[in-house]
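Engineer: Take this structure first; my questions come after.
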Amino acid sequence: MIRLLIIFLIIFLGVIYSSDIIQKPYEKRRKHYIIVIVIMLILQSGLRNWYVGADTYQYYTIFEDVKSSSFNDIISRIMNNEGKDQGYYLFQKIFQIFITDYQLYLLFVALIFMSALGHFVYNNTIHIRHVIVAFVLYMAMFYSFFSITGIRQTLATGLLLFGFQFIKKRKLIHFSFFVILASFMHISSLVFFSLYFIANIKRYRTIYISVFILFPIVFLFKNEIATFLVSSSESTQKRFESYLEDKSTNGSIALTAAHILIAYWGMLSIKKTVSMFPSTGIMFSTFAIAFLLFPLQWVNTNAGRVAQYFDIILIVWIPFLIDTATMWKSKQREVLYLLIIGIFIFLTLFSIRKEAEYKFFWQYMEIPYNYR
């Protein structure tokens with residue numbers, strides 16, 4: 001229920017900040033609105049019970065193990081390339097110099113990611129209505145992973161979101177800093193380097209349509225492509241070989257259909273949207289990569305998460321597609337905004353049925369069966 005409550009608060013506060021009830025300049029209202037939502041999301045994620053989400057308790061056991069490891073041991077493993085993502089262990093060890101409480105660690109992780117998310121939304125939207133849709137879409141599509149489950153990839157994604165602005169500014173060194181830092185948390189972050197070079201190719205329409213045509217081919221040969229990508233590098237083969245394991249829960253028909261429809265919508269409106277909003281060119285390129293990688297989720301859920309680095313562009317891209325579709329007709333725009341928000345609330349209701357309950361850390365929860 002807390003997920004729906006947050007969605008309704010996002011909408012309610014968005015309406016308040018959009019009106020003249022708050023006597024402040026529009027841009028300040030937009031900024032303050034984002035800050036309020038970010039604080040709310042930090043508290044919701046950081047104050048969760050350790051048994052909420054698939055991996056929160058697993059990360060607790062890792063956090064405790066790090067306490068008994070020395071800096072020398074961790075640095076030695078990094079230098080010898082032992083284990084996976086040892087930079088994450090070093091990050092925890094540095095955090096534990098100051099704080100050893102896991103709940104405060106969850107709050108710190110939430111602070112990093114949600115601050116990055118807010119920064120990303122602020123810099124890639126124009127209107128408060130854009131922000132409302134952005135956060136509603138986040139709650140519908142990305143909440144289950146970034147807010148209550150992942151930690152390593154959540155930190156990595158947060159760093160990549162901070163680095164996104166440097167693609168637009170064409171500052172490769174600054175961008176590389178954030179990608180490399182993110183790779184210490186999750187090595188798969190290195191795939192984000194591709195966006196810098198693709199985004200700076202101005203033939204957005206050619207790239208986008210080419211990817212749309214390639215999608216069914218990639219989907220058809222997804223297993224062979226995944227096998228090739230994993231086996232192409234000896235240094236990471238063992239690290240990602242689990243991505244090739246089939247799981248019966250792989251692939252969401254609803255999510256796949258939604259991506260295909262959104263991709264088709266984007267293809268129809270790319271010329272007009274980029275003409276009206278030149279900054280959206282990079283958004284089309286980003287979603288193009290996400291769309292091309294999306295079939296990997298049908299190979300393995302973990303493999304599909306690589307697409308999330310790019311897929312999160314949806315939250316700031318869709319509002320511009322709506323504005324383009326309605327041009328400057330305010331009534332049509334309002335109807336379409338309400339329709340899109342309604343669709344994603346419905347998708348949220350659909351996913352909640354399969355979702356484990358949420359509780360704060362002070363509320364009682366039974367330990368999940370797989371941890372007993």
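Chain lettering (A, B, ...) mirrors the order of the structure tokens, residue numbering begins at 1 for each chain separately, and ligand numbering begins at 1 in order of display.
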Hey, what's within 12 Å of Phe120 of chain A if we count only C-alpha atoms and toss same-chain stuff fewer than 2 positions away? As JSON, numbers by chain, please?
Structural biologist: {"A": [31, 34, 35, 38, 113, 114, 115, 116, 117, 118, 122, 123, 124, 125, 126, 131, 134, 135, 157, 158, 159, 160, 161, 162, 163, 164, 165, 166, 312, 313, 314, 315, 316, 317]}
Engineer: Produce a table with one row for each residue of segment 163-219 of chain A that has an atom at most 10 Å from any atom of segment 270-276 of chain A, each row naming the nearest atom pair and its distance in Å at one decimal; use only C-alpha atoms; arrange rows by chain and rising residue number; format as a Markdown table.
Structural biologist:
```
| residue | atom | partner | partner_atom | distance |
| --- | --- | --- | --- | --- |
| A:Tyr204 | CA | A:Ile270 | CA | 8.1 |
| A:Arg205 | CA | A:Ile270 | CA | 6.6 |
| A:Tyr208 | CA | A:Ile270 | CA | 8.5 |
| A:Ile209 | CA | A:Ile270 | CA | 9.5 |
```
Engineer: I'd like the contact shell of Phe215 of chain A - 9 Å cut-off, only C-alpha atoms, skipping same-chain residues fewer than 5 positions apart - returned as a ChimeraX atom specification.
Structural biologist: /A:210,220,291-295
Engineer: Mind dumping the selected residues with N, CA and C atoms as a JSON list (two decimals), in the first residue's frame?
Structural biologist:
```
[["chain", "number", "residue", "atom", "x", "y", "z"],
["A", 210, "SER", "N", 16.85, 2.09, -37.00],
["A", 210, "SER", "CA", 17.68, 0.90, -37.20],
["A", 210, "SER", "C", 17.51, -0.07, -36.04],
["A", 220, "LEU", "N", 14.88, -12.79, -31.38],
["A", 220, "LEU", "CA", 14.89, -14.15, -31.89],
["A", 220, "LEU", "C", 16.19, -14.88, -31.52],
["A", 291, "PHE", "N", 16.26, -0.48, -25.60],
["A", 291, "PHE", "CA", 15.34, -1.32, -26.37],
["A", 291, "PHE", "C", 16.08, -2.50, -27.00],
["A", 292, "LEU", "N", 17.31, -2.24, -27.47],
["A", 292, "LEU", "CA", 18.10, -3.29, -28.10],
["A", 292, "LEU", "C", 18.57, -4.33, -27.08],
["A", 293, "LEU", "N", 18.80, -3.88, -25.85],
["A", 293, "LEU", "CA", 19.26, -4.78, -24.79],
["A", 293, "LEU", "C", 18.10, -5.47, -24.06],
["A", 294, "PHE", "N", 16.90, -4.94, -24.24],
["A", 294, "PHE", "CA", 15.76, -5.43, -23.47],
["A", 294, "PHE", "C", 15.51, -6.93, -23.60],
["A", 295, "PRO", "N", 15.67, -7.55, -24.78],
["A", 295, "PRO", "CA", 15.42, -8.99, -24.90],
["A", 295, "PRO", "C", 16.25, -9.86, -23.96]]
```
Engineer: Calculated over only C-alpha atoms, which of the candidates A:Lys169, A:Arg48, A:His130, A:His119 has the smallest distance to Trp362 of chain A?
Structural biologist: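 Ranked by minimum distance to Trp362 of chain A, first place goes to A:Arg48.
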Engineer: For Gln363 of chain A, which residue among A:Trp50, A:Phe350, A:Tyr33, A:Phe8 is the nearest when counting only C-alpha atoms?
Structural biologist: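 Going through A:Trp50, A:Phe350, A:Tyr33, A:Phe8 one by one, the smallest distance to Gln363 of chain A is for A:Trp50.
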Engineer: List every residue of segment 22-167 of chain A that DSSP, applied to the backbone of this structure, assigns to helix (DSSP H, G or I), and report them as an MDAnalysis selection string.
Structural biologist: chainID A and resid 26:46 56:67 71:79 86:98 102:123 128:141 143:147 152:167
Engineer: Let me make sure I understand: among A:Ile198, A:Leu268, A:Ala54, A:Met185, which one has the smallest atom-to-atom distance to Phe145 of chain A if we use only C-alpha atoms?
Structural biologist: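 The closest residue to Phe145 of chain A is A:Ala54.
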